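Some notes on the structure that comes next.
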Amino acid sequence: MGKRALAATVLLVGVVAAQDGAAWKLPAAGPEVLLKLKLSKRTYILGPESRAPKEADGPERIQPKRESYDQGLLKVARYQIEHGELDKAEKLIAEVVERNTADAGALTLKALLLHKQGKPKQALAALRESLIQNRRNPDAWRLLRQVAKDLGRKVVRPRFRIRAWVKQVRKGIEVAFAPDTEKNFPWIYYASARAVYRYEGEFQAAFPEAKEYRFTFREQLFAIGALVRGTESEQKENKVASDLKRLLRESRKKDVVAYVFWATYPEPLPATPEACFGALRPKLERYFDEHIVVNR
């Protein structure tokens, strides 16, 4: 490759990397999302509710689909681990992981095997990867606590409760929040931003190739960005809840995107990672290593 071609390639890679990084910054959407809904031709029903529906905060467990053949192999491997046949189990798990490196269940089982083999550092690495692929797996979190204890460390799992939602109802599109106290008013900006992203063109602009709407982590960042800006505005005149104060602290750090990824569970993410996800991964890994598995 000539020097000019090499330079062009390096430049192109740099541009792509910059675009990738830009995809994972907290958007600057703010209270203006409310105005967009009011000006829309769609029927939006805005307002507070007494309680949030169960789905607002997302499920605790998600079981991604896998091929029945691999499902059978992992079932056998788990049985073998339980009965001390670790070498046999290792071969079966490796076969599944080789076919699908993103199989979170297989990675969790691999971590359990490594834990039984007395290899806590390797088990920790496998669990970190498993939870990045599917952080809605209680089994992985329980095993993580055991592995961390073996290493003389502890797990501090971040959680940020979602208090607002968007859903289709008979009369239109419900855009609502459930404030436990008046200090939680800024959640209306989160709900409004979700509606703007889903119905007012933001999703189509971000994913022009998509044939139908699907929830993405970028939508969550768009909504959290509006929540942050709305909370900042509200805080100038009124007190805000402690969890919103925590979000503002995180927003002043470089860790806010990773915090949102690890701490929020609004809806199941798509099985296929979003484009540019590789650019986000180092942030997620660093946050895991520095803020989730910590020294006692």
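Residues are referred to by chain and number: the chain letter is A, B, ... according to the order shown in the structure tokens, the number counts from 1 in that chain, and ligands are numbered separately from 1 in the order shown.
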Which of range 39-252 of chain A fall in alpha helix (DSSP H), as a ChimeraX atom specification: /A:39,68-82,86-99,104-116,120-133,138-150,187-199,202-206,217-235,242-251
Would you pick out the contacts of range 246-250 of chain A at 8 Å or less, using only C-alpha atoms, so that residues sharing its chain but fewer than 6 positions from it are not included, and give the list as a PDB file with C-alpha atoms, in the first residue's frame?
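Here's the written file result_7.pdb:
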ATOM      1  CA  VAL A 228     -30.631  15.728  32.863  1.00  0.00           C
ATOM      2  CA  THR A 231     -33.495  18.378  36.148  1.00  0.00           C
ATOM      3  CA  GLU A 232     -30.863  21.098  35.833  1.00  0.00           C
ATOM      4  CA  VAL A 256     -22.530   9.045  32.682  1.00  0.00           C
ATOM      5  CA  TYR A 259     -23.615   4.529  34.325  1.00  0.00           C
TER       6      TYR A 259
END
Write out as a PDB file with N, CA and C atoms, in the first residue's frame which residues come within 12 Å of Ala206 in chain A when counting only C-alpha atoms, dropping same-chain ones fewer than 6 positions away.
ATOM      1  N   ALA A  23     -21.713   8.729  18.692  1.00  0.00           N
ATOM      2  CA  ALA A  23     -22.984   8.024  18.885  1.00  0.00           C
ATOM      3  C   ALA A  23     -23.270   7.766  20.355  1.00  0.00           C
ATOM      4  N   TYR A 197     -38.540  10.646  20.327  1.00  0.00           N
ATOM      5  CA  TYR A 197     -37.605   9.758  19.625  1.00  0.00           C
ATOM      6  C   TYR A 197     -38.357   8.706  18.819  1.00  0.00           C
ATOM      7  N   ARG A 198     -39.369   8.136  19.425  1.00  0.00           N
ATOM      8  CA  ARG A 198     -40.085   7.031  18.787  1.00  0.00           C
ATOM      9  C   ARG A 198     -41.017   7.482  17.671  1.00  0.00           C
ATOM     10  N   GLU A 200     -41.580  11.032  16.508  1.00  0.00           N
ATOM     11  CA  GLU A 200     -41.415  12.322  15.826  1.00  0.00           C
ATOM     12  C   GLU A 200     -40.143  12.409  14.977  1.00  0.00           C
ATOM     13  N   TYR A 213     -39.908   0.281  14.049  1.00  0.00           N
ATOM     14  CA  TYR A 213     -39.317   0.800  15.275  1.00  0.00           C
ATOM     15  C   TYR A 213     -38.833  -0.331  16.177  1.00  0.00           C
ATOM     16  N   ARG A 214     -37.722  -0.094  16.860  1.00  0.00           N
ATOM     17  CA  ARG A 214     -37.252  -0.991  17.919  1.00  0.00           C
ATOM     18  C   ARG A 214     -36.546  -0.139  18.963  1.00  0.00           C
ATOM     19  N   PHE A 215     -36.634  -0.544  20.198  1.00  0.00           N
ATOM     20  CA  PHE A 215     -35.962   0.202  21.254  1.00  0.00           C
ATOM     21  C   PHE A 215     -34.456   0.024  21.140  1.00  0.00           C
ATOM     22  N   THR A 216     -33.702   1.083  21.360  1.00  0.00           N
ATOM     23  CA  THR A 216     -32.244   1.039  21.297  1.00  0.00           C
ATOM     24  C   THR A 216     -31.668   1.819  22.476  1.00  0.00           C
ATOM     25  N   PHE A 217     -30.394   1.561  22.750  1.00  0.00           N
ATOM     26  CA  PHE A 217     -29.728   2.277  23.826  1.00  0.00           C
ATOM     27  C   PHE A 217     -29.584   3.753  23.473  1.00  0.00           C
ATOM     28  N   ARG A 218     -29.507   4.076  22.187  1.00  0.00           N
ATOM     29  CA  ARG A 218     -29.420   5.490  21.803  1.00  0.00           C
ATOM     30  C   ARG A 218     -30.682   6.243  22.199  1.00  0.00           C
ATOM     31  N   GLU A 219     -31.820   5.587  22.097  1.00  0.00           N
ATOM     32  CA  GLU A 219     -33.065   6.223  22.540  1.00  0.00           C
ATOM     33  C   GLU A 219     -33.003   6.498  24.038  1.00  0.00           C
ATOM     34  N   PHE A 222     -30.920   9.517  24.616  1.00  0.00           N
ATOM     35  CA  PHE A 222     -31.651  10.720  24.204  1.00  0.00           C
ATOM     36  C   PHE A 222     -32.603  11.151  25.331  1.00  0.00           C
ATOM     37  N   GLU A 274     -26.206  -2.671  18.529  1.00  0.00           N
ATOM     38  CA  GLU A 274     -26.322  -1.517  17.645  1.00  0.00           C
ATOM     39  C   GLU A 274     -24.992  -1.252  16.946  1.00  0.00           C
ATOM     40  N   ALA A 275     -25.075  -0.595  15.794  1.00  0.00           N
ATOM     41  CA  ALA A 275     -23.865  -0.197  15.090  1.00  0.00           C
ATOM     42  C   ALA A 275     -23.024   0.701  15.991  1.00  0.00           C
TER      43      ALA A 275
END
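With CA of Phe261 in chain A on one side and CA of Ala210 in chain A on the other, the separation reads 22.5 Å.
Note that CA of Ser233 in chain A and CA of Trp262 in chain A are 25.4 Å apart.
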